[in-house]
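So this one's coords-v5.txt, compact mmCIF, C-alpha atoms and all ligand atoms:
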```txt
# COMPACT_ATOMS: atom_id res chain seq x y z
CA MET A 1 52.07 -94.29 13.78
CA LYS A 2 53.14 -91.02 12.21
CA PRO A 3 51.89 -90.55 8.65
CA LYS A 4 54.63 -91.02 6.06
CA ASP A 5 56.60 -87.93 5.11
CA PHE A 6 57.26 -88.10 1.38
CA GLN A 7 58.90 -84.67 1.17
CA ARG A 8 62.18 -85.16 2.92
CA PRO A 9 64.74 -87.90 3.46
CA ASP A 10 66.00 -89.06 6.88
CA LYS A 11 69.29 -87.74 8.21
CA ASN A 12 71.28 -90.20 6.10
CA GLY A 13 69.48 -89.12 2.95
CA TYR A 14 67.08 -92.05 2.65
CA TYR A 15 63.57 -91.83 1.25
CA GLY A 16 62.32 -95.20 2.48
CA LYS A 17 64.98 -97.56 1.23
CA PHE A 18 66.20 -95.28 -1.55
CA GLY A 19 68.95 -92.66 -1.42
CA GLY A 20 72.08 -92.49 0.71
CA ALA A 21 75.58 -91.51 -0.37
CA PHE A 22 77.75 -94.07 -2.16
CA ILE A 23 80.89 -92.16 -3.02
CA PRO A 24 84.61 -92.65 -3.54
CA GLU A 25 86.64 -92.05 -0.37
CA MET A 26 88.33 -89.02 -1.92
CA LEU A 27 85.05 -87.12 -2.13
CA HIS A 28 84.20 -87.82 1.47
CA LEU A 29 85.25 -84.39 2.78
CA ASN A 30 83.34 -82.45 0.14
CA ILE A 31 80.16 -84.46 0.54
CA LYS A 32 80.41 -84.32 4.32
CA GLU A 33 80.82 -80.54 4.20
CA LEU A 34 77.73 -80.26 2.01
CA GLN A 35 75.73 -82.60 4.22
CA GLU A 36 76.64 -80.61 7.30
CA LYS A 37 76.09 -77.15 5.88
CA TYR A 38 73.47 -77.17 3.12
CA LYS A 39 70.44 -76.77 5.37
CA ASP A 40 71.87 -74.01 7.57
CA ILE A 41 73.13 -72.04 4.59
CA THR A 42 70.11 -72.40 2.32
CA GLU A 43 67.65 -71.70 5.13
CA SER A 44 69.55 -68.59 6.28
CA GLU A 45 67.97 -65.20 5.75
CA GLU A 46 71.00 -63.95 3.83
CA PHE A 47 70.84 -66.85 1.36
CA GLN A 48 67.09 -66.62 0.90
CA GLU A 49 67.22 -62.87 0.29
CA GLU A 50 69.71 -63.28 -2.55
CA PHE A 51 68.02 -66.38 -3.99
CA GLN A 52 64.48 -64.97 -3.90
CA ASP A 53 65.62 -61.69 -5.40
CA LEU A 54 67.25 -63.50 -8.34
CA LEU A 55 64.27 -65.81 -8.85
CA LYS A 56 62.03 -62.78 -9.11
CA ASN A 57 64.09 -60.22 -10.97
CA TYR A 58 66.48 -62.39 -12.98
CA VAL A 59 64.61 -65.63 -13.70
CA GLY A 60 61.25 -63.86 -13.99
CA ARG A 61 59.32 -65.74 -11.29
CA GLU A 62 56.66 -66.25 -10.39
CA THR A 63 55.77 -68.09 -13.57
CA PRO A 64 52.08 -68.02 -14.55
CA LEU A 65 49.62 -70.78 -13.75
CA TYR A 66 47.81 -70.54 -17.05
CA PHE A 67 44.24 -71.73 -17.56
CA ALA A 68 44.44 -73.52 -20.93
CA LYS A 69 40.92 -72.86 -22.16
CA ASN A 70 41.22 -74.47 -25.58
CA LEU A 71 43.01 -77.55 -24.33
CA SER A 72 40.41 -77.88 -21.57
CA LYS A 73 37.62 -77.77 -24.12
CA LYS A 74 39.30 -80.43 -26.25
CA TYR A 75 39.73 -82.82 -23.32
CA LYS A 76 36.44 -81.88 -21.57
CA THR A 77 38.04 -81.07 -18.24
CA THR A 78 39.82 -78.12 -16.60
CA ILE A 79 43.54 -77.86 -17.36
CA TYR A 80 46.11 -75.44 -15.98
CA LEU A 81 49.72 -75.21 -17.19
CA LYS A 82 52.54 -74.20 -14.86
CA ARG A 83 54.65 -72.12 -17.23
CA GLU A 84 58.25 -73.04 -16.35
CA ASP A 85 58.96 -72.55 -20.06
CA LEU A 86 58.82 -68.79 -19.42
CA ASN A 87 61.82 -68.82 -17.09
CA HIS A 88 65.08 -67.20 -18.19
CA THR A 89 67.00 -69.81 -20.25
CA GLY A 90 63.74 -71.59 -21.06
CA ALA A 91 63.17 -74.21 -18.39
CA HIS A 92 63.05 -75.00 -14.68
CA LYS A 93 66.76 -75.93 -14.50
CA ILE A 94 67.83 -72.35 -13.74
CA ASN A 95 66.08 -72.53 -10.31
CA ASN A 96 68.52 -75.20 -9.19
CA ALA A 97 71.62 -73.88 -10.96
CA LEU A 98 71.26 -70.49 -9.27
CA GLY A 99 70.57 -72.03 -5.87
CA GLN A 100 73.66 -74.21 -6.01
CA ALA A 101 75.87 -71.44 -7.43
CA ILE A 102 74.96 -69.15 -4.53
CA LEU A 103 75.58 -72.01 -2.09
CA ALA A 104 79.00 -72.68 -3.70
CA LYS A 105 79.98 -69.05 -3.16
CA LYS A 106 78.93 -69.21 0.48
CA LEU A 107 81.10 -72.31 0.84
CA GLY A 108 84.05 -70.33 -0.56
CA LYS A 109 84.26 -72.30 -3.81
CA LYS A 110 85.43 -70.39 -6.89
CA ARG A 111 85.23 -73.10 -9.48
CA ILE A 112 82.08 -74.86 -10.74
CA ILE A 113 81.91 -78.07 -12.72
CA ALA A 114 78.86 -79.66 -14.27
CA GLU A 115 78.07 -82.28 -16.86
CA THR A 116 75.40 -82.02 -19.48
CA GLY A 117 73.79 -84.23 -22.10
CA ALA A 118 71.56 -82.02 -24.20
CA GLY A 119 73.20 -78.89 -22.89
CA GLN A 120 70.19 -77.53 -20.98
CA HIS A 121 71.75 -77.98 -17.56
CA GLY A 122 75.07 -76.76 -18.96
CA VAL A 123 73.45 -73.56 -20.23
CA ALA A 124 71.68 -72.96 -16.89
CA THR A 125 74.93 -73.55 -14.99
CA ALA A 126 77.01 -71.36 -17.32
CA THR A 127 74.37 -68.63 -16.93
CA ALA A 128 74.48 -68.76 -13.13
CA CYS A 129 78.29 -68.70 -13.20
CA ALA A 130 78.43 -65.71 -15.56
CA LEU A 131 76.05 -63.84 -13.27
CA LEU A 132 77.85 -64.70 -10.04
CA GLY A 133 81.43 -64.48 -11.32
CA LEU A 134 82.37 -68.14 -10.94
CA GLU A 135 84.72 -70.15 -13.14
CA CYS A 136 82.68 -72.72 -15.07
CA ILE A 137 83.78 -76.02 -16.61
CA ILE A 138 81.25 -78.15 -18.45
CA TYR A 139 81.87 -81.79 -19.35
CA MET A 140 80.04 -83.06 -22.38
CA GLY A 141 80.31 -86.27 -24.40
CA GLU A 142 81.80 -85.79 -27.85
CA THR A 143 78.68 -87.26 -29.48
CA ASP A 144 76.42 -84.85 -27.58
CA LEU A 145 78.69 -81.91 -28.44
CA GLN A 146 78.06 -82.55 -32.11
CA ARG A 147 74.31 -83.10 -31.64
CA GLN A 148 73.76 -79.98 -29.54
CA ALA A 149 75.71 -77.28 -31.36
CA PRO A 150 73.41 -74.33 -30.49
CA ASN A 151 73.65 -74.98 -26.74
CA VAL A 152 77.42 -75.44 -27.00
CA GLY A 153 77.56 -72.01 -28.59
CA ARG A 154 75.48 -70.50 -25.81
CA MET A 155 77.70 -72.00 -23.10
CA LYS A 156 80.84 -70.71 -24.84
CA MET A 157 79.41 -67.22 -25.17
CA LEU A 158 78.53 -67.33 -21.47
CA GLY A 159 82.21 -67.93 -20.73
CA ALA A 160 82.20 -71.62 -19.84
CA GLU A 161 85.07 -73.91 -20.73
CA ILE A 162 83.71 -76.98 -22.47
CA ILE A 163 85.57 -80.25 -22.20
CA SER A 164 84.80 -82.88 -24.79
CA VAL A 165 84.65 -86.39 -23.31
CA THR A 166 85.85 -89.08 -25.69
CA SER A 167 85.71 -92.17 -23.45
CA GLY A 168 83.02 -94.89 -23.56
CA SER A 169 79.92 -94.09 -25.59
CA LYS A 170 80.93 -90.38 -25.54
CA THR A 171 77.59 -89.36 -23.99
CA LEU A 172 76.14 -88.25 -20.65
CA LYS A 173 77.27 -91.12 -18.43
CA ASP A 174 80.86 -90.72 -19.61
CA ALA A 175 80.65 -86.98 -18.92
CA VAL A 176 79.46 -87.83 -15.37
CA ASN A 177 82.52 -90.02 -14.85
CA GLU A 178 84.86 -87.26 -15.99
CA SER A 179 83.15 -84.70 -13.75
CA ILE A 180 83.59 -86.97 -10.73
CA ARG A 181 87.27 -87.41 -11.63
CA ASP A 182 87.70 -83.64 -11.84
CA TRP A 183 85.92 -83.16 -8.49
CA ILE A 184 88.24 -85.65 -6.81
CA ASN A 185 91.30 -83.85 -8.20
CA ASN A 186 90.07 -80.36 -7.29
CA ALA A 187 87.93 -81.03 -4.23
CA PRO A 188 88.97 -78.05 -2.04
CA THR A 189 88.23 -75.35 -4.64
CA THR A 190 85.35 -76.86 -6.60
CA HIS A 191 81.61 -77.43 -6.35
CA TYR A 192 79.87 -79.90 -8.67
CA ILE A 193 76.41 -78.64 -9.66
CA ILE A 194 74.30 -81.73 -10.26
CA GLY A 195 71.33 -80.93 -12.50
CA SER A 196 68.56 -83.16 -11.18
CA VAL A 197 67.31 -84.83 -7.98
CA VAL A 198 69.97 -87.54 -8.30
CA GLY A 199 73.45 -88.12 -6.89
CA PRO A 200 74.63 -88.76 -3.34
CA HIS A 201 72.89 -87.21 -0.32
CA PRO A 202 72.40 -84.22 0.06
CA PHE A 203 71.94 -83.53 -3.68
CA PRO A 204 68.45 -85.05 -4.09
CA ASP A 205 67.08 -83.11 -1.11
CA MET A 206 68.97 -79.93 -1.98
CA VAL A 207 67.77 -79.87 -5.60
CA THR A 208 64.22 -80.77 -4.51
CA ARG A 209 64.20 -77.80 -2.14
CA PHE A 210 65.40 -75.40 -4.85
CA GLN A 211 62.77 -76.68 -7.29
CA SER A 212 59.96 -76.79 -4.71
CA VAL A 213 59.31 -73.13 -5.54
CA ILE A 214 57.25 -74.55 -8.43
CA SER A 215 54.55 -76.14 -6.23
CA LYS A 216 54.80 -73.37 -3.65
CA GLU A 217 53.68 -70.96 -6.34
CA ILE A 218 51.09 -73.36 -7.76
CA LYS A 219 49.42 -73.70 -4.33
CA ALA A 220 48.93 -69.98 -3.92
CA GLN A 221 47.96 -69.40 -7.57
CA PHE A 222 45.47 -72.26 -7.65
CA LEU A 223 43.74 -71.06 -4.49
CA GLU A 224 43.54 -67.53 -5.85
CA LYS A 225 42.13 -68.65 -9.21
CA THR A 226 39.67 -71.30 -8.07
CA GLY A 227 39.00 -70.74 -4.38
CA HIS A 228 39.98 -74.38 -3.79
CA PRO A 229 43.09 -75.45 -1.95
CA ASN A 230 43.97 -78.43 -4.17
CA PRO A 231 43.65 -79.66 -7.75
CA ASP A 232 42.58 -83.25 -8.47
CA TYR A 233 45.71 -84.06 -10.46
CA ILE A 234 49.27 -82.85 -10.79
CA ILE A 235 51.27 -84.19 -13.72
CA ALA A 236 54.95 -83.82 -14.66
CA CYS A 237 57.51 -85.56 -16.84
CA ILE A 238 60.40 -87.31 -15.21
CA GLY A 239 63.99 -87.73 -16.35
CA GLY A 240 66.04 -87.60 -13.17
CA GLY A 241 62.97 -85.99 -11.68
CA SER A 242 63.73 -82.38 -10.72
CA ASN A 243 60.79 -80.56 -12.32
CA ALA A 244 58.51 -83.36 -11.09
CA ALA A 245 59.90 -83.18 -7.55
CA GLY A 246 59.39 -79.41 -7.61
CA ALA A 247 55.83 -79.70 -8.91
CA PHE A 248 54.86 -82.54 -6.51
CA TYR A 249 56.65 -81.35 -3.37
CA HIS A 250 53.85 -79.42 -1.65
CA TYR A 251 51.28 -82.08 -2.59
CA VAL A 252 52.97 -85.38 -1.72
CA ASN A 253 51.71 -85.44 1.85
CA ASP A 254 48.21 -84.50 0.71
CA LYS A 255 46.49 -87.76 -0.22
CA ASN A 256 43.58 -86.09 -2.05
CA VAL A 257 45.82 -84.95 -4.88
CA LYS A 258 46.57 -87.58 -7.50
CA ILE A 259 50.17 -87.45 -8.66
CA ILE A 260 51.21 -88.68 -12.09
CA ALA A 261 54.76 -88.95 -13.40
CA ALA A 262 55.30 -89.41 -17.14
CA GLU A 263 58.33 -91.48 -18.07
CA ALA A 264 59.76 -91.79 -21.57
CA SER A 265 59.22 -95.20 -23.09
CA GLY A 266 61.00 -94.23 -26.30
CA LEU A 267 60.15 -96.63 -29.11
CA GLY A 268 58.06 -98.73 -26.69
CA LEU A 269 58.51 -100.58 -23.39
CA ARG A 270 59.61 -103.82 -25.04
CA SER A 271 61.66 -102.25 -27.85
CA GLY A 272 64.99 -102.18 -26.02
CA LYS A 273 65.02 -98.46 -26.77
CA SER A 274 63.35 -96.86 -23.80
CA ALA A 275 63.99 -94.84 -20.65
CA ALA A 276 61.01 -95.93 -18.52
CA THR A 277 62.84 -96.73 -15.30
CA THR A 278 59.95 -97.75 -13.04
CA PHE A 279 58.74 -100.24 -15.66
CA LEU A 280 62.12 -101.69 -16.59
CA GLY A 281 64.44 -100.90 -13.68
CA SER A 282 65.43 -102.61 -10.45
CA LEU A 283 67.12 -101.65 -7.21
CA GLY A 284 70.68 -100.54 -7.83
CA ILE A 285 73.23 -97.80 -7.29
CA LEU A 286 73.61 -95.09 -9.89
CA HIS A 287 75.62 -91.88 -9.57
CA GLY A 288 76.07 -92.18 -5.82
CA SER A 289 72.63 -93.13 -4.58
CA LYS A 290 70.49 -96.23 -4.26
CA SER A 291 67.43 -96.08 -6.47
CA LEU A 292 65.69 -97.75 -9.37
CA VAL A 293 68.08 -98.25 -12.27
CA MET A 294 67.78 -99.77 -15.73
CA GLN A 295 70.43 -102.48 -15.61
CA THR A 296 71.24 -105.98 -16.76
CA LYS A 297 71.09 -108.95 -14.34
CA ASP A 298 74.78 -108.49 -13.55
CA GLY A 299 74.38 -104.78 -12.83
CA GLN A 300 75.57 -103.20 -16.09
CA VAL A 301 73.65 -99.97 -16.75
CA VAL A 302 71.50 -100.25 -19.86
CA GLU A 303 71.85 -97.50 -22.47
CA PRO A 304 68.54 -95.56 -22.37
CA HIS A 305 66.67 -94.03 -25.28
CA SER A 306 64.20 -91.20 -25.57
CA ILE A 307 63.50 -88.69 -28.32
CA SER A 308 63.93 -86.02 -25.64
CA ALA A 309 67.49 -85.65 -24.39
CA GLY A 310 66.34 -84.52 -20.93
CA LEU A 311 64.49 -87.79 -20.29
CA ASP A 312 67.23 -89.99 -21.73
CA TYR A 313 68.46 -91.21 -18.33
CA PRO A 314 68.65 -94.80 -17.00
CA GLY A 315 67.43 -94.00 -13.48
CA ILE A 316 65.17 -91.78 -11.36
CA GLY A 317 65.94 -89.92 -8.16
CA PRO A 318 65.31 -91.63 -4.78
CA PHE A 319 62.46 -89.21 -3.95
CA HIS A 320 60.52 -90.67 -6.90
CA ALA A 321 61.58 -94.29 -6.37
CA ASN A 322 59.97 -94.00 -2.95
CA LEU A 323 56.75 -92.44 -4.34
CA PHE A 324 56.61 -95.36 -6.78
CA LYS A 325 57.30 -98.06 -4.20
CA GLU A 326 54.71 -96.64 -1.78
CA LYS A 327 52.21 -96.18 -4.63
CA ARG A 328 51.90 -92.50 -3.77
CA ALA A 329 52.40 -91.57 -7.43
CA GLU A 330 51.28 -93.31 -10.58
CA PHE A 331 53.92 -93.70 -13.28
CA MET A 332 52.92 -93.76 -16.93
CA ALA A 333 55.00 -94.65 -19.95
CA VAL A 334 54.83 -92.29 -22.93
CA THR A 335 56.40 -93.11 -26.29
CA ASP A 336 58.29 -90.78 -28.61
CA GLN A 337 55.31 -90.77 -30.97
CA GLU A 338 52.79 -89.97 -28.23
CA ALA A 339 54.95 -87.08 -27.05
CA LEU A 340 55.28 -85.69 -30.57
CA LYS A 341 51.52 -85.80 -31.01
CA ALA A 342 50.95 -84.06 -27.67
CA ALA A 343 53.44 -81.33 -28.58
CA GLN A 344 51.57 -80.69 -31.76
CA THR A 345 48.21 -80.60 -29.98
CA LEU A 346 49.38 -78.00 -27.47
CA THR A 347 50.98 -75.89 -30.18
CA LYS A 348 47.85 -75.88 -32.33
CA THR A 349 45.33 -75.34 -29.54
CA GLU A 350 47.17 -72.88 -27.30
CA GLY A 351 50.01 -71.43 -29.42
CA ILE A 352 52.64 -72.76 -27.03
CA ILE A 353 55.50 -74.91 -28.36
CA PRO A 354 56.56 -77.16 -25.46
CA ALA A 355 59.91 -78.83 -24.87
CA LEU A 356 59.86 -82.47 -25.97
CA GLU A 357 60.31 -83.47 -22.32
CA SER A 358 57.23 -81.51 -21.25
CA ALA A 359 55.28 -83.03 -24.14
CA HIS A 360 55.52 -86.38 -22.31
CA ALA A 361 53.53 -84.90 -19.43
CA LEU A 362 50.97 -83.46 -21.88
CA ALA A 363 50.54 -86.90 -23.48
CA VAL A 364 48.96 -88.15 -20.24
CA LEU A 365 45.85 -86.22 -21.36
CA ASP A 366 45.36 -88.93 -23.99
CA LYS A 367 45.76 -91.75 -21.46
CA ILE A 368 43.33 -90.83 -18.69
CA THR A 369 39.67 -89.96 -19.05
CA PHE A 370 39.24 -87.02 -16.72
CA LEU A 371 35.89 -85.96 -15.30
CA GLU A 372 34.42 -82.67 -16.41
CA THR A 373 34.64 -81.50 -12.81
CA ASP A 374 38.34 -82.42 -12.44
CA THR A 375 41.08 -79.82 -12.25
CA VAL A 376 44.36 -80.94 -13.75
CA ILE A 377 47.70 -79.15 -13.43
CA ILE A 378 50.51 -79.99 -15.85
CA CYS A 379 54.06 -78.79 -15.30
CA LEU A 380 55.27 -77.33 -18.58
CA SER A 381 58.93 -77.77 -17.71
CA GLY A 382 60.43 -75.98 -20.71
CA ARG A 383 59.99 -74.40 -24.11
CA GLY A 384 60.46 -76.11 -27.43
CA ASP A 385 62.95 -73.82 -29.19
CA LYS A 386 65.76 -76.29 -28.57
CA ASP A 387 63.72 -79.08 -30.19
CA MET A 388 62.76 -77.33 -33.42
CA GLU A 389 65.04 -79.48 -35.55
CA THR A 390 63.44 -82.67 -34.23
CA TYR A 391 59.92 -81.28 -34.58
CA LEU A 392 60.50 -80.18 -38.16
CA GLU A 393 61.99 -83.54 -39.08
CA LYS A 394 59.45 -85.78 -37.28
CA LEU A 395 56.34 -83.74 -37.86
CA SER A 396 57.06 -82.96 -41.51
CA SER A 397 54.10 -85.05 -42.59
CA PHE A 398 51.78 -82.77 -40.61
CA LEU A 399 53.24 -79.38 -41.53
C1 LIG B 401 66.24 -81.46 -18.26
C2 LIG B 401 64.82 -81.30 -18.54
C3 LIG B 401 63.86 -82.20 -18.04
C4 LIG B 401 64.23 -83.44 -17.29
O1 LIG B 401 64.89 -83.26 -16.09
P1 LIG B 401 64.16 -83.46 -14.69
O2 LIG B 401 65.27 -83.39 -13.71
O3 LIG B 401 63.49 -84.79 -14.71
O4 LIG B 401 63.18 -82.35 -14.54
C5 LIG B 401 62.52 -81.95 -18.28
N1 LIG B 401 62.12 -80.88 -19.00
C6 LIG B 401 63.02 -80.00 -19.51
C7 LIG B 401 62.50 -78.84 -20.29
C8 LIG B 401 64.39 -80.18 -19.30
O5 LIG B 401 65.25 -79.29 -19.82
```

Once you've parsed the file, please lay out its structure as structure tokens.
Amino acid sequence: MKPKDFQRPDKNGYYGKFGGAFIPEMLHLNIKELQEKYKDITESEEFQEEFQDLLKNYVGRETPLYFAKNLSKKYKTTIYLKREDLNHTGAHKINNALGQAILAKKLGKKRIIAETGAGQHGVATATACALLGLECIIYMGETDLQRQAPNVGRMKMLGAEIISVTSGSKTLKDAVNESIRDWINNAPTTHYIIGSVVGPHPFPDMVTRFQSVISKEIKAQFLEKTGHPNPDYIIACIGGGSNAAGAFYHYVNDKNVKIIAAEASGLGLRSGKSAATTFLGSLGILHGSKSLVMQTKDGQVVEPHSISAGLDYPGIGPFHANLFKEKRAEFMAVTDQEALKAAQTLTKTEGIIPALESAHALAVLDKITFLETDTVIICLSGRGDKDMETYLEKLSSFL
């Protein structure tokens, strides 16, 4: 029997039993076009030349693999941080937004839509559109618009049109519904840039490929720094799962590397205010693909909660659902409080303020006792500037 390939889905977009494309009939042509063309276009020399040039000269890649000496001393092991926080716009999301924006142009699309919760994916998309001269429309729930004023300002300055969504709970899932409605109405001219490894096939595979640059760089950097091909652990936080998919990609078929995904358990797994999908979810269909979903017995999606907006999502991508089911990755639940503490530890020991999302990955350091001889790589998915208000409020007793 062939060993399992965890990197890529089958031709119908399935990772094991997760994935596929469950879409309204009116999107059939757009999705089919993407399914038929995404590999040829993104693997072409012309595409790669433009993409790699922008990653290097515009985004600032490669990002450092930083040996965190002080943190290593504190935890009595060897810790490296993959510094996605140093990317232009402050996180890994720009890798995907640029990749899809270039693809949209090659497909002849002039109009980009996207939805955003915290505004991070919206900012990355608006940035890519400003650079590449594409019209940009961002859907955002009215509640989120009020909560995320600085990012709304950035998107506006970048030239995006922002549409306030006032249906339902006025948050991310309502913005997704409106984006899909827009895509149906404007299918021939429009590409929908999905911001994580979720959505109908080919989005999970396409976004994974764009983000896989993270582990491609780690592999080369780790070998150069240590003389060893592989670390013992690779750790990342997981909302939809794009920074994790990127950080795990070149290691998933390598059984010697332990893979750990940190999910947000909010106020606690049994609090009813959590976003820990592998602990609380079950098989279901969310946003066009079959995966693990937090839902009630009759299939109503449960409202998630996490202190970090980027992890506040009631599902995970099919790539990760398969890693979970096959026990290839270990999933850990990290609470709001544990993440806050980890953010403070990194800031004080290394002088790096992490995004709240990334702090969930750092919190794993308090949950596993590593050997002194272990090497541990943590994906620092983004920087904490956007979270300063939360930090100042929640950490006031420490400051
Ligand atoms: C959006 C975001 C995440 C979560 O998204 P994934 O698709 O799971 O990576 C994590 N970290 C940061 C900094 C983000 O902005």

What residues have any atom no more than 9 Å from ligand LIG 401 (chain B) when counting only C-alpha atoms and all ligand atoms, and can you list them as number ranges by chain?
A: 84-85, 90-93, 117-121, 195-198, 236-246, 308-313, 316-317, 354-359, 380-384

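Take the candidates A:Val207, A:Leu86, A:Ile184, A:Ala247 and check each one against Ala101 in chain A using all atoms listed in the file; the shortest distance goes to A:Val207.
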
How far is it from CA of Tyr14 in chain A to CA of His360 in chain A, in Å with one decimal?
28.1 Å

Write out as a PyMOL selection string the residues lying within 8 Å of Glu338 in chain A, counting all atoms listed in the file and excluding same-chain residues fewer than 3 positions away.
chain A and resi 334-335+341-342+360+363

Report as JSON, numbers by chain all protein, DNA and RNA residues lying within 12 Å of Gly168 in chain A, evaluated on all atoms listed in the file, omitting residues in the same chain fewer than 3 positions from it.
{"A": [141, 142, 143, 165, 171, 172, 173, 174, 175, 176, 177, 178, 303]}

From A:Leu81, A:Ala68, A:Leu283, A:Ile235, residue lying nearest Lys325 in chain A [all atoms listed in the file]:
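With all atoms listed in the file as the atom set, the closest residue is A:Leu283.
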
For Ser282 in chain A, the nearest of the candidates A:Thr89, A:Ser44, A:Ser212, A:Gln300, counting only C-alpha atoms
A:Gln300

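The nearest approach to Pro200 in chain A among the residues A:Lys290, A:Lys156, A:Arg61, A:Lys73, with only C-alpha atoms taken into account, belongs to A:Lys290.
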
Gap from CA of Met140 in chain A to CA of Phe22 in chain A - Å, one decimal
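About the pair CA of Met140 in chain A and CA of Phe22 in chain A: they are 23.1 Å apart.
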
Near-Ile163 in chain A list (8 Å; all atoms listed in the file; drop same-chain fewer than 6 positions) as a list of chain:residue names
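Contacts, in chain order: A:Ile137, A:Ile138, A:Tyr139, A:Met140.
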
Do a neighbour search on Pro9 in chain A at 12 Å with only C-alpha atoms, toss out local chain neighbours closer than 2 positions, and write the hits as a short mmCIF file (atom, residue, chain, number, x, y, z; two decimals) with C-alpha atoms, in the coordinates of the input.
```
data_model
loop_
_atom_site.label_atom_id
_atom_site.label_comp_id
_atom_site.auth_asym_id
_atom_site.auth_seq_id
_atom_site.Cartn_x
_atom_site.Cartn_y
_atom_site.Cartn_z
CA LYS A 4 54.63 -91.02 6.06
CA ASP A 5 56.60 -87.93 5.11
CA PHE A 6 57.26 -88.10 1.38
CA GLN A 7 58.90 -84.67 1.17
CA LYS A 11 69.29 -87.74 8.21
CA ASN A 12 71.28 -90.20 6.10
CA GLY A 13 69.48 -89.12 2.95
CA TYR A 14 67.08 -92.05 2.65
CA TYR A 15 63.57 -91.83 1.25
CA GLY A 16 62.32 -95.20 2.48
CA LYS A 17 64.98 -97.56 1.23
CA PHE A 18 66.20 -95.28 -1.55
CA GLY A 19 68.95 -92.66 -1.42
CA GLY A 20 72.08 -92.49 0.71
CA HIS A 201 72.89 -87.21 -0.32
CA PRO A 202 72.40 -84.22 0.06
CA PHE A 203 71.94 -83.53 -3.68
CA PRO A 204 68.45 -85.05 -4.09
CA ASP A 205 67.08 -83.11 -1.11
CA MET A 206 68.97 -79.93 -1.98
CA THR A 208 64.22 -80.77 -4.51
CA ARG A 209 64.20 -77.80 -2.14
CA GLY A 317 65.94 -89.92 -8.16
CA PRO A 318 65.31 -91.63 -4.78
CA PHE A 319 62.46 -89.21 -3.95
CA HIS A 320 60.52 -90.67 -6.90
CA ASN A 322 59.97 -94.00 -2.95
#
```

When distances are computed from all atoms listed in the file, which of A:Arg154, A:Lys69, A:His287, A:Arg270 shows the smallest separation from Gly199 in chain A?
A:His287

If you count all atoms listed in the file, which residues fall within 6 Å of Lys109 in chain A, apart from same-chain ones fewer than 5 positions away, as an MDAnalysis selection string?
chainID A and resid 104 189:190
